[in-house]
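*Asks:* This is the structure, below, for whatever I ask next.
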Amino acid sequence: MIVRTRFAPSPTGFLHIGGARTALFSWAFAKKNVGQFILRIEDTDVARSTPEAVQAILDGMQWLGLDYDEGPFYQMQRMDRYKQVLQTMLDAGTAYYCYCTKDELDALRESQMQQGAKPRYDGRWRPESGKTLATPPQDIPPVIRFKNPQVGNVVWRDLVKGEISIANQELDDLIIARADGTPTYNFCVVVDDWEMGITQVIRGDDHVNNTPRQINMLMALGATIPQYAHLSMILGSDGQKLSKRHGAVSVMQYHEDGYLPEAILNYLARLGWSHGDEEIFSMQQFCQWFDLDHITSSAAQFNTEKLNWLNAHYIKLADNNLLAADVTERLAKLNIKVTAQPPLLEVIGLYKERVNTLNELATNIAYFYQQPVRDAVAAEKHLTADIMPAMTNLVALLKAVDWQPEAIHQAINEVVTQHALKFPKVAMPLRVMLTGIAQSPSIDQVMALLGKSEVLSRIEAALP
Ligand code: GLU
């Protein structure tokens, strides 16, 4: 049997971190088993679905490199097919028309609650042998309900949660088409999973309550029941459900914030799944290792520090040309134009091991292409009057230097000796003058890249 998985987002918002992990696991499971991965857009909630949200899903998937073998399929384009299946079920007696008005259902609910019973449909329009139904009213457009079995249990072995058993008595007859004829959410999922030949449904555990109903409908259709894997949710670092409060929730926000897709993917892969102690691995490795047995059934907790650590790792590994293209755009957004000098590739080489995000990279190197923005605290601490004679002296020495890191270093050393100072006593003010802040890579390398005339003019501008 060919493995076929799907990702079936509702386009009502961004592709968020939880959705991306569901997509990643479904994708990896298909890859691991040389199967197919399908993208299905569940857009039947017309009030909440938007084209922008569809685009956000497609963009997010593309940015992460989660390619699909089939789709995107749009449920709104499959209405005719759902209606055909509804008719088949009506004909087969596994679904029936229900003419209850809203008032009747409200009254039913009310009386059940008063009696301390769980509110549920009482089956008054459910056909049974030997039961006489009322005459259908002419003026009430009926809904269609699924004729759920009334005895026995729905049992499945969830690939994450283990065996789950739900008594059919707990499930009343679900509405599968509204009075206007449109099919409802659970029904569309069933028809699609069936017709798309889905073999493993991997999704968030907020859907676990839908599963017994969906299984019953699939059985009524004579469909093969897929396996189910319900992923536990992702919590924020504070243990609360992951939400907008936790900063970036949209995957594309991480893109904007300067994360590499490799880092996001690697991070998401470890969110609830493990392969021994492996923390850093490629998607190729992940697709070889991934299985559903090593998914934890407990909730996973989001940890930004770990994501940053992975991102720093992938930035270090990244090709400098790719980083240069990316950072040029980020600098342009800050109105900073990258010029030919100092060479961006070298600047990146100097900084790529020191940053957690590409935004950090861009802001850290901005001073190469514009005048530094001076940090007031650093300036007050390091640009003290007593150091200025040494700096004046340094300018004189630097003028004669052949502009190489070693020679620059020697010039600084000479000033250090002449003025009986320690190296940092000169290097720190130099950093503040040249970069605006007191942290930088090796100062002679920074100076070598900045260029002689720029270095001299920045120091001179800072002298009293
Ligand atoms: N459309 C549902 C959602 O976005 C997922 C349904 C499913 O995976 O079965 O939550």
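Letters for chains follow the order of the structure tokens (A, B, ...), residue numbers begin at 1 for each chain, and ligand numbers begin at 1 in the order shown.
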DSSP on the backbone: which residues in region 225-289 of chain A end up as strand (DSSP E or B)? Give the answer as number ranges by chain.
*Replies:* A: 227-231, 234-235, 241, 250, 273
*Asks:* What would the file look like if the residues just selected were written as a PDB file, in the first residue's frame with C-alpha atoms?
*Replies:*
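After the write, selection-v8.pdb holds the following:
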ATOM      1  CA  GLN A 227      -4.589   5.362  10.641  1.00  0.00           C
ATOM      2  CA  TYR A 228      -4.667   8.398  12.886  1.00  0.00           C
ATOM      3  CA  ALA A 229      -1.866  10.199  14.641  1.00  0.00           C
ATOM      4  CA  HIS A 230      -2.938  13.105  16.822  1.00  0.00           C
ATOM      5  CA  LEU A 231      -0.086  15.407  17.716  1.00  0.00           C
ATOM      6  CA  ILE A 234       2.707  23.152  21.404  1.00  0.00           C
ATOM      7  CA  LEU A 235       2.874  25.273  24.522  1.00  0.00           C
ATOM      8  CA  LYS A 241      -1.158  27.406  24.874  1.00  0.00           C
ATOM      9  CA  SER A 250       3.185  33.049  11.813  1.00  0.00           C
ATOM     10  CA  TRP A 273       9.753  13.922  18.283  1.00  0.00           C
TER      11      TRP A 273
END
*Asks:* Counting only C-alpha atoms, what is within 10 Å of Trp156 (chain A), bar same-chain residues fewer than 4 positions away, as a PDB file with N, CA and C atoms, in the first residue's frame?
*Replies:*
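Writing the result to around.pdb gives the following:
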ATOM      1  N   LYS A 161      -1.357   8.462  20.568  1.00  0.00           N
ATOM      2  CA  LYS A 161      -2.009   8.391  21.873  1.00  0.00           C
ATOM      3  C   LYS A 161      -2.368   6.977  22.316  1.00  0.00           C
ATOM      4  N   GLY A 162      -2.160   6.001  21.439  1.00  0.00           N
ATOM      5  CA  GLY A 162      -2.528   4.637  21.812  1.00  0.00           C
ATOM      6  C   GLY A 162      -4.003   4.388  21.558  1.00  0.00           C
ATOM      7  N   GLU A 163      -4.503   3.309  22.163  1.00  0.00           N
ATOM      8  CA  GLU A 163      -5.888   2.937  21.854  1.00  0.00           C
ATOM      9  C   GLU A 163      -6.893   3.925  22.439  1.00  0.00           C
ATOM     10  N   ILE A 164      -7.840   4.294  21.621  1.00  0.00           N
ATOM     11  CA  ILE A 164      -8.909   5.189  22.078  1.00  0.00           C
ATOM     12  C   ILE A 164     -10.226   4.517  21.728  1.00  0.00           C
ATOM     13  N   SER A 165     -11.138   4.527  22.689  1.00  0.00           N
ATOM     14  CA  SER A 165     -12.420   3.882  22.472  1.00  0.00           C
ATOM     15  C   SER A 165     -13.525   4.838  22.912  1.00  0.00           C
ATOM     16  N   ILE A 166     -14.465   5.075  22.026  1.00  0.00           N
ATOM     17  CA  ILE A 166     -15.568   5.990  22.335  1.00  0.00           C
ATOM     18  C   ILE A 166     -16.882   5.239  22.099  1.00  0.00           C
ATOM     19  N   THR A 211     -12.647  12.464  15.426  1.00  0.00           N
ATOM     20  CA  THR A 211     -12.226  11.201  14.821  1.00  0.00           C
ATOM     21  C   THR A 211     -13.279  10.081  14.894  1.00  0.00           C
ATOM     22  N   PRO A 212     -13.903   9.836  16.063  1.00  0.00           N
ATOM     23  CA  PRO A 212     -14.889   8.737  16.069  1.00  0.00           C
ATOM     24  C   PRO A 212     -16.040   8.992  15.091  1.00  0.00           C
ATOM     25  N   ILE A 215     -14.715   8.300  11.616  1.00  0.00           N
ATOM     26  CA  ILE A 215     -14.560   6.857  11.377  1.00  0.00           C
ATOM     27  C   ILE A 215     -15.922   6.228  11.072  1.00  0.00           C
ATOM     28  N   ILE A 225     -10.442   2.611   6.575  1.00  0.00           N
ATOM     29  CA  ILE A 225     -10.201   3.609   7.624  1.00  0.00           C
ATOM     30  C   ILE A 225      -8.696   3.898   7.689  1.00  0.00           C
ATOM     31  N   PRO A 226      -8.326   5.163   7.568  1.00  0.00           N
ATOM     32  CA  PRO A 226      -6.890   5.478   7.681  1.00  0.00           C
ATOM     33  C   PRO A 226      -6.417   5.291   9.117  1.00  0.00           C
ATOM     34  N   GLN A 227      -5.121   5.312   9.282  1.00  0.00           N
ATOM     35  CA  GLN A 227      -4.589   5.362  10.641  1.00  0.00           C
ATOM     36  C   GLN A 227      -4.590   6.823  11.089  1.00  0.00           C
ATOM     37  N   TYR A 228      -4.651   7.026  12.381  1.00  0.00           N
ATOM     38  CA  TYR A 228      -4.667   8.398  12.886  1.00  0.00           C
ATOM     39  C   TYR A 228      -3.514   8.625  13.837  1.00  0.00           C
TER      40      TYR A 228
END
*Asks:* What are the nearest atom pairs, with distances in Å to one decimal, for all residues of chain A that come at most 6 Å from ligand 1, using only C-alpha atoms and all ligand atoms, set out by chain and rising residue number as a tab-separated table?
*Replies:*
residue	atom	partner	partner_atom_place_in_ligand_line	distance
A:Ala8	CA	ligand 1	8 (O)	4.9
A:Pro9	CA	ligand 1	4 (O)	3.6
A:Ser10	CA	ligand 1	4 (O)	4.0
A:Glu42	CA	ligand 1	1 (N)	5.2
A:Arg203	CA	ligand 1	8 (O)	4.8
*Asks:* Could you write those residues out with all heavy atoms, as a PDB file, in the first residue's frame?
*Replies:*
ATOM      1  N   ALA A   8      -4.038  19.641   5.884  1.00  0.00           N
ATOM      2  CA  ALA A   8      -5.362  20.156   5.510  1.00  0.00           C
ATOM      3  C   ALA A   8      -5.721  21.416   6.296  1.00  0.00           C
ATOM      4  O   ALA A   8      -6.657  21.424   7.080  1.00  0.00           O
ATOM      5  CB  ALA A   8      -6.407  19.063   5.746  1.00  0.00           C
ATOM      6  N   PRO A   9      -4.971  22.482   6.087  1.00  0.00           N
ATOM      7  CA  PRO A   9      -5.222  23.683   6.885  1.00  0.00           C
ATOM      8  C   PRO A   9      -6.497  24.418   6.478  1.00  0.00           C
ATOM      9  O   PRO A   9      -6.900  24.370   5.315  1.00  0.00           O
ATOM     10  CB  PRO A   9      -4.000  24.558   6.590  1.00  0.00           C
ATOM     11  CG  PRO A   9      -3.599  24.157   5.205  1.00  0.00           C
ATOM     12  CD  PRO A   9      -3.882  22.684   5.110  1.00  0.00           C
ATOM     13  N   SER A  10      -7.102  25.081   7.440  1.00  0.00           N
ATOM     14  CA  SER A  10      -8.206  25.994   7.146  1.00  0.00           C
ATOM     15  C   SER A  10      -7.598  27.378   6.966  1.00  0.00           C
ATOM     16  O   SER A  10      -6.871  27.839   7.841  1.00  0.00           O
ATOM     17  CB  SER A  10      -9.189  26.021   8.317  1.00  0.00           C
ATOM     18  OG  SER A  10      -9.640  24.711   8.576  1.00  0.00           O
ATOM     19  N   GLU A  42      -8.876  23.651   3.373  1.00  0.00           N
ATOM     20  CA  GLU A  42     -10.238  23.437   3.870  1.00  0.00           C
ATOM     21  C   GLU A  42     -10.922  24.796   4.064  1.00  0.00           C
ATOM     22  O   GLU A  42     -10.957  25.348   5.163  1.00  0.00           O
ATOM     23  CB  GLU A  42     -10.188  22.596   5.149  1.00  0.00           C
ATOM     24  CG  GLU A  42      -9.488  21.267   4.868  1.00  0.00           C
ATOM     25  CD  GLU A  42      -9.795  20.155   5.848  1.00  0.00           C
ATOM     26  OE1 GLU A  42      -9.903  20.423   7.047  1.00  0.00           O
ATOM     27  OE2 GLU A  42      -9.935  19.001   5.380  1.00  0.00           O
ATOM     28  N   ARG A 203      -2.520  14.929  12.441  1.00  0.00           N
ATOM     29  CA  ARG A 203      -3.066  16.269  12.675  1.00  0.00           C
ATOM     30  C   ARG A 203      -3.023  16.599  14.157  1.00  0.00           C
ATOM     31  O   ARG A 203      -2.682  15.757  14.991  1.00  0.00           O
ATOM     32  CB  ARG A 203      -4.509  16.340  12.153  1.00  0.00           C
ATOM     33  CG  ARG A 203      -5.456  15.386  12.851  1.00  0.00           C
ATOM     34  CD  ARG A 203      -6.837  15.447  12.222  1.00  0.00           C
ATOM     35  NE  ARG A 203      -7.711  14.393  12.727  1.00  0.00           N
ATOM     36  CZ  ARG A 203      -8.852  14.035  12.132  1.00  0.00           C
ATOM     37  NH1 ARG A 203      -9.246  14.639  11.027  1.00  0.00           N
ATOM     38  NH2 ARG A 203      -9.593  13.077  12.645  1.00  0.00           N
TER      39      ARG A 203
END
*Asks:* Would you mind writing down, as a PyMOL selection string, each residue of region 39-136 of chain A that DSSP on the backbone assigns to helix (DSSP H, G or I)?
*Replies:* chain A and resi 51-64+75-92+102-114
*Asks:* When distances are computed from only C-alpha atoms, which of A:Gly276, A:Gly60, A:Gly123, A:Gly71 shows the smallest separation from Trp289 (chain A)?
*Replies:*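 Closest to Trp289 (chain A) of all the choices is A:Gly276.
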*Asks:* Can you tell me, as a PyMOL selection string, what residues are no more than 12 Å from Val201 (chain A) when counting only C-alpha atoms, ignoring any on the same chain fewer than 6 positions away?
*Replies:* chain A and resi 3-8+22-23+25-27+29-30+37-38+158-160+189-190+192-194+207-208+211+214-215+225-231+292
*Asks:* Would you mind exporting the chosen residues as a compact mmCIF listing (two decimals), in the first residue's frame, restricted to N, CA, C and O atoms?
*Replies:*
# COMPACT_ATOMS: atom_id res chain seq x y z
N VAL A 3 1.82 4.90 0.92
CA VAL A 3 1.49 5.85 1.99
C VAL A 3 1.06 7.18 1.38
O VAL A 3 1.72 7.70 0.47
N ARG A 4 -0.07 7.67 1.83
CA ARG A 4 -0.53 8.99 1.37
C ARG A 4 -0.96 9.80 2.59
O ARG A 4 -1.87 9.43 3.31
N THR A 5 -0.26 10.89 2.81
CA THR A 5 -0.60 11.76 3.94
C THR A 5 -1.08 13.10 3.38
O THR A 5 -0.91 13.38 2.20
N ARG A 6 -1.64 13.90 4.27
CA ARG A 6 -2.09 15.20 3.79
C ARG A 6 -1.94 16.24 4.89
O ARG A 6 -1.88 15.93 6.08
N PHE A 7 -1.84 17.49 4.45
CA PHE A 7 -1.92 18.62 5.36
C PHE A 7 -3.16 19.37 4.92
O PHE A 7 -3.32 19.66 3.74
N ALA A 8 -4.04 19.64 5.88
CA ALA A 8 -5.36 20.16 5.51
C ALA A 8 -5.72 21.42 6.30
O ALA A 8 -6.66 21.42 7.08
N THR A 22 2.71 20.22 11.97
CA THR A 22 1.82 19.18 11.44
C THR A 22 2.18 18.89 9.98
O THR A 22 2.27 17.73 9.56
N ALA A 23 2.37 19.96 9.22
CA ALA A 23 2.72 19.79 7.81
C ALA A 23 4.06 19.05 7.68
O ALA A 23 4.18 18.12 6.88
N PHE A 25 5.54 16.97 9.76
CA PHE A 25 5.46 15.56 10.14
C PHE A 25 4.74 14.74 9.05
O PHE A 25 5.14 13.63 8.73
N SER A 26 3.69 15.32 8.49
CA SER A 26 2.96 14.60 7.43
C SER A 26 3.85 14.44 6.20
O SER A 26 3.87 13.39 5.56
N TRP A 27 4.56 15.50 5.89
CA TRP A 27 5.48 15.52 4.74
C TRP A 27 6.59 14.48 4.93
O TRP A 27 6.86 13.66 4.06
N PHE A 29 6.66 11.93 6.92
CA PHE A 29 6.16 10.55 6.95
C PHE A 29 5.99 10.02 5.53
O PHE A 29 6.34 8.86 5.23
N ALA A 30 5.47 10.85 4.66
CA ALA A 30 5.33 10.44 3.25
C ALA A 30 6.69 10.19 2.63
O ALA A 30 6.91 9.18 1.96
N PHE A 37 2.44 13.16 -0.51
CA PHE A 37 1.98 14.16 0.44
C PHE A 37 1.07 15.13 -0.31
O PHE A 37 1.42 15.62 -1.38
N ILE A 38 -0.10 15.36 0.27
CA ILE A 38 -1.13 16.13 -0.41
C ILE A 38 -1.47 17.39 0.38
O ILE A 38 -1.57 17.34 1.61
N ASP A 158 -4.59 4.97 18.07
CA ASP A 158 -3.95 6.22 17.64
C ASP A 158 -2.44 6.03 17.66
O ASP A 158 -1.89 5.49 18.62
N LEU A 159 -1.78 6.46 16.61
CA LEU A 159 -0.34 6.20 16.49
C LEU A 159 0.48 7.03 17.47
O LEU A 159 1.66 6.79 17.65
N VAL A 160 -0.15 8.02 18.07
CA VAL A 160 0.54 8.79 19.11
C VAL A 160 -0.05 8.49 20.48
O VAL A 160 0.67 8.26 21.45
N VAL A 189 -14.21 16.54 5.28
CA VAL A 189 -12.95 15.88 5.64
C VAL A 189 -13.04 14.38 5.33
O VAL A 189 -12.12 13.79 4.76
N VAL A 190 -14.17 13.81 5.68
CA VAL A 190 -14.37 12.38 5.46
C VAL A 190 -14.33 12.02 3.98
O VAL A 190 -13.62 11.11 3.55
N ASP A 192 -13.04 13.68 1.57
CA ASP A 192 -11.71 13.92 1.00
C ASP A 192 -10.70 12.87 1.43
O ASP A 192 -9.93 12.36 0.61
N ASP A 193 -10.67 12.58 2.73
CA ASP A 193 -9.70 11.57 3.18
C ASP A 193 -9.95 10.24 2.47
O ASP A 193 -9.03 9.51 2.11
N TRP A 194 -11.21 9.96 2.25
CA TRP A 194 -11.58 8.72 1.55
C TRP A 194 -11.15 8.78 0.08
O TRP A 194 -10.37 7.93 -0.39
N HIS A 207 -8.35 17.82 17.10
CA HIS A 207 -9.32 17.13 16.24
C HIS A 207 -9.69 15.74 16.73
O HIS A 207 -10.44 15.03 16.07
N VAL A 208 -9.15 15.38 17.88
CA VAL A 208 -9.34 14.00 18.32
C VAL A 208 -10.83 13.69 18.56
O VAL A 208 -11.29 12.57 18.32
N THR A 211 -12.65 12.46 15.43
CA THR A 211 -12.23 11.20 14.82
C THR A 211 -13.28 10.08 14.89
O THR A 211 -13.55 9.44 13.88
N GLN A 214 -15.85 10.72 12.35
CA GLN A 214 -15.33 10.56 10.98
C GLN A 214 -15.17 9.07 10.65
O GLN A 214 -15.47 8.65 9.53
N ILE A 215 -14.72 8.30 11.62
CA ILE A 215 -14.56 6.86 11.38
C ILE A 215 -15.92 6.23 11.07
O ILE A 215 -16.06 5.43 10.13
N ILE A 225 -10.44 2.61 6.58
CA ILE A 225 -10.20 3.61 7.62
C ILE A 225 -8.70 3.90 7.69
O ILE A 225 -7.90 2.96 7.84
N PRO A 226 -8.33 5.16 7.57
CA PRO A 226 -6.89 5.48 7.68
C PRO A 226 -6.42 5.29 9.12
O PRO A 226 -7.23 5.14 10.03
N GLN A 227 -5.12 5.31 9.28
CA GLN A 227 -4.59 5.36 10.64
C GLN A 227 -4.59 6.82 11.09
O GLN A 227 -4.52 7.72 10.24
N TYR A 228 -4.65 7.03 12.38
CA TYR A 228 -4.67 8.40 12.89
C TYR A 228 -3.51 8.62 13.84
O TYR A 228 -3.17 7.75 14.63
N ALA A 229 -2.91 9.79 13.71
CA ALA A 229 -1.87 10.20 14.64
C ALA A 229 -2.20 11.62 15.07
O ALA A 229 -2.16 12.55 14.26
N HIS A 230 -2.56 11.78 16.32
CA HIS A 230 -2.94 13.10 16.82
C HIS A 230 -1.79 13.71 17.62
O HIS A 230 -1.41 13.17 18.67
N LEU A 231 -1.26 14.78 17.10
CA LEU A 231 -0.09 15.41 17.72
C LEU A 231 -0.52 16.29 18.88
O LEU A 231 -1.46 17.07 18.75
N LEU A 292 6.46 7.53 13.62
CA LEU A 292 5.42 8.03 14.52
C LEU A 292 5.57 7.44 15.93
O LEU A 292 4.93 7.89 16.86
*Asks:* Would you mind listing what lies within 12 Å of Lys244 (chain A) as a compact mmCIF listing (two decimals) with C-alpha atoms, in the first residue's frame, with only C-alpha atoms counted and same-chain residues fewer than 2 positions away left out?
*Replies:*
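result-v8.txt was written with the following content:
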# COMPACT_ATOMS: atom_id res chain seq x y z
CA GLY A 13 -5.12 33.01 9.48
CA PHE A 14 -1.40 32.56 9.01
CA HIS A 16 1.47 29.18 12.39
CA ILE A 17 4.13 27.14 14.13
CA LEU A 235 2.87 25.27 24.52
CA GLY A 236 4.63 28.58 24.98
CA GLN A 240 0.38 28.24 28.23
CA LYS A 241 -1.16 27.41 24.87
CA LEU A 242 1.00 28.96 22.14
CA HIS A 246 4.38 34.49 22.57
CA GLY A 247 5.65 36.74 19.81
CA ALA A 248 5.93 35.34 16.35
CA VAL A 249 3.22 32.82 15.58
CA SER A 250 3.19 33.05 11.81
CA GLN A 253 7.14 36.24 10.80
*Asks:* Can you pull out every residue within 10 Å of Cys188 (chain A), counting only C-alpha atoms, but drop anything in the same chain fewer than 6 positions away, and send it as a PDB file with N, CA, C and O atoms, in the first residue's frame?
*Replies:*
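Ended up saving to around25.pdb:
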ATOM      1  N   GLU A  42      -8.876  23.651   3.373  1.00  0.00           N
ATOM      2  CA  GLU A  42     -10.238  23.437   3.870  1.00  0.00           C
ATOM      3  C   GLU A  42     -10.922  24.796   4.064  1.00  0.00           C
ATOM      4  O   GLU A  42     -10.957  25.348   5.163  1.00  0.00           O
ATOM      5  N   THR A  44     -14.124  25.748   3.520  1.00  0.00           N
ATOM      6  CA  THR A  44     -15.594  25.785   3.475  1.00  0.00           C
ATOM      7  C   THR A  44     -16.196  26.764   4.483  1.00  0.00           C
ATOM      8  O   THR A  44     -17.367  27.089   4.383  1.00  0.00           O
ATOM      9  N   GLN A  75     -11.507  22.723  -1.033  1.00  0.00           N
ATOM     10  CA  GLN A  75     -12.793  22.061  -0.781  1.00  0.00           C
ATOM     11  C   GLN A  75     -13.953  22.791  -1.449  1.00  0.00           C
ATOM     12  O   GLN A  75     -14.899  22.153  -1.896  1.00  0.00           O
ATOM     13  N   MET A  76     -13.865  24.120  -1.538  1.00  0.00           N
ATOM     14  CA  MET A  76     -14.969  24.856  -2.159  1.00  0.00           C
ATOM     15  C   MET A  76     -15.165  24.456  -3.630  1.00  0.00           C
ATOM     16  O   MET A  76     -16.228  24.659  -4.194  1.00  0.00           O
ATOM     17  N   ARG A  78     -15.039  21.443  -4.590  1.00  0.00           N
ATOM     18  CA  ARG A  78     -15.466  20.038  -4.609  1.00  0.00           C
ATOM     19  C   ARG A  78     -16.909  19.864  -4.126  1.00  0.00           C
ATOM     20  O   ARG A  78     -17.355  18.765  -3.820  1.00  0.00           O
ATOM     21  N   MET A  79     -17.629  20.985  -4.080  1.00  0.00           N
ATOM     22  CA  MET A  79     -18.994  20.948  -3.544  1.00  0.00           C
ATOM     23  C   MET A  79     -19.889  19.936  -4.263  1.00  0.00           C
ATOM     24  O   MET A  79     -20.676  19.224  -3.633  1.00  0.00           O
ATOM     25  N   ARG A  81     -19.142  17.249  -5.675  1.00  0.00           N
ATOM     26  CA  ARG A  81     -18.807  15.891  -5.277  1.00  0.00           C
ATOM     27  C   ARG A  81     -19.382  15.574  -3.883  1.00  0.00           C
ATOM     28  O   ARG A  81     -19.943  14.499  -3.664  1.00  0.00           O
ATOM     29  N   TYR A  82     -19.280  16.520  -2.956  1.00  0.00           N
ATOM     30  CA  TYR A  82     -19.833  16.278  -1.614  1.00  0.00           C
ATOM     31  C   TYR A  82     -21.342  16.039  -1.701  1.00  0.00           C
ATOM     32  O   TYR A  82     -21.896  15.184  -1.018  1.00  0.00           O
ATOM     33  N   LYS A  83     -21.979  16.828  -2.567  1.00  0.00           N
ATOM     34  CA  LYS A  83     -23.441  16.691  -2.684  1.00  0.00           C
ATOM     35  C   LYS A  83     -23.822  15.324  -3.269  1.00  0.00           C
ATOM     36  O   LYS A  83     -24.811  14.720  -2.845  1.00  0.00           O
ATOM     37  N   VAL A  85     -22.139  12.613  -2.796  1.00  0.00           N
ATOM     38  CA  VAL A  85     -21.951  11.618  -1.728  1.00  0.00           C
ATOM     39  C   VAL A  85     -23.088  11.709  -0.715  1.00  0.00           C
ATOM     40  O   VAL A  85     -23.579  10.682  -0.216  1.00  0.00           O
ATOM     41  N   ILE A 176     -24.635  16.785   8.636  1.00  0.00           N
ATOM     42  CA  ILE A 176     -23.584  16.738   7.610  1.00  0.00           C
ATOM     43  C   ILE A 176     -23.877  17.664   6.436  1.00  0.00           C
ATOM     44  O   ILE A 176     -23.008  17.911   5.608  1.00  0.00           O
ATOM     45  N   ALA A 177     -25.118  18.183   6.359  1.00  0.00           N
ATOM     46  CA  ALA A 177     -25.395  19.247   5.387  1.00  0.00           C
ATOM     47  C   ALA A 177     -26.368  20.221   6.022  1.00  0.00           C
ATOM     48  O   ALA A 177     -27.306  19.816   6.714  1.00  0.00           O
ATOM     49  N   THR A 182     -25.338  23.077   1.934  1.00  0.00           N
ATOM     50  CA  THR A 182     -23.878  22.998   1.971  1.00  0.00           C
ATOM     51  C   THR A 182     -23.419  21.955   2.990  1.00  0.00           C
ATOM     52  O   THR A 182     -23.938  21.893   4.107  1.00  0.00           O
ATOM     53  N   TRP A 194     -11.213   9.958   2.249  1.00  0.00           N
ATOM     54  CA  TRP A 194     -11.577   8.721   1.554  1.00  0.00           C
ATOM     55  C   TRP A 194     -11.145   8.783   0.080  1.00  0.00           C
ATOM     56  O   TRP A 194     -10.375   7.935  -0.386  1.00  0.00           O
ATOM     57  N   GLN A 214     -15.848  10.724  12.346  1.00  0.00           N
ATOM     58  CA  GLN A 214     -15.326  10.558  10.985  1.00  0.00           C
ATOM     59  C   GLN A 214     -15.166   9.071  10.647  1.00  0.00           C
ATOM     60  O   GLN A 214     -15.473   8.648   9.532  1.00  0.00           O
TER      61      GLN A 214
END
*Asks:* Which is closer to Leu221 (chain A) than all the others in A:Lys147, A:Arg120, A:Arg431, A:Lys102, using only C-alpha atoms?
*Replies:*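 Once distances to Leu221 (chain A) are computed over only C-alpha atoms, the minimum belongs to A:Lys147.
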*Asks:* Give the answer as one residue: which of A:Pro119, A:Arg213, A:Ile144, A:Ile348 has the shortest atom-to-atom distance to Asp106 (chain A), using only C-alpha atoms?
*Replies:*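 Looking at the shortest contact to Asp106 (chain A), the residue is A:Pro119.
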*Asks:* For a quick check of understanding, using only C-alpha atoms, which of A:Glu256, A:Asp67, A:Glu110, A:Glu104 has the smallest distance to Lys333 (chain A)?
*Replies:*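 Using only C-alpha atoms, Lys333 (chain A) sits closest to A:Glu256.
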*Asks:* My list of candidates is A:Gly19, A:Gly152, A:Pro441, A:Pro429. Which is closest to Ala56 (chain A) when distances are computed with only C-alpha atoms?
*Replies:* A:Gly19
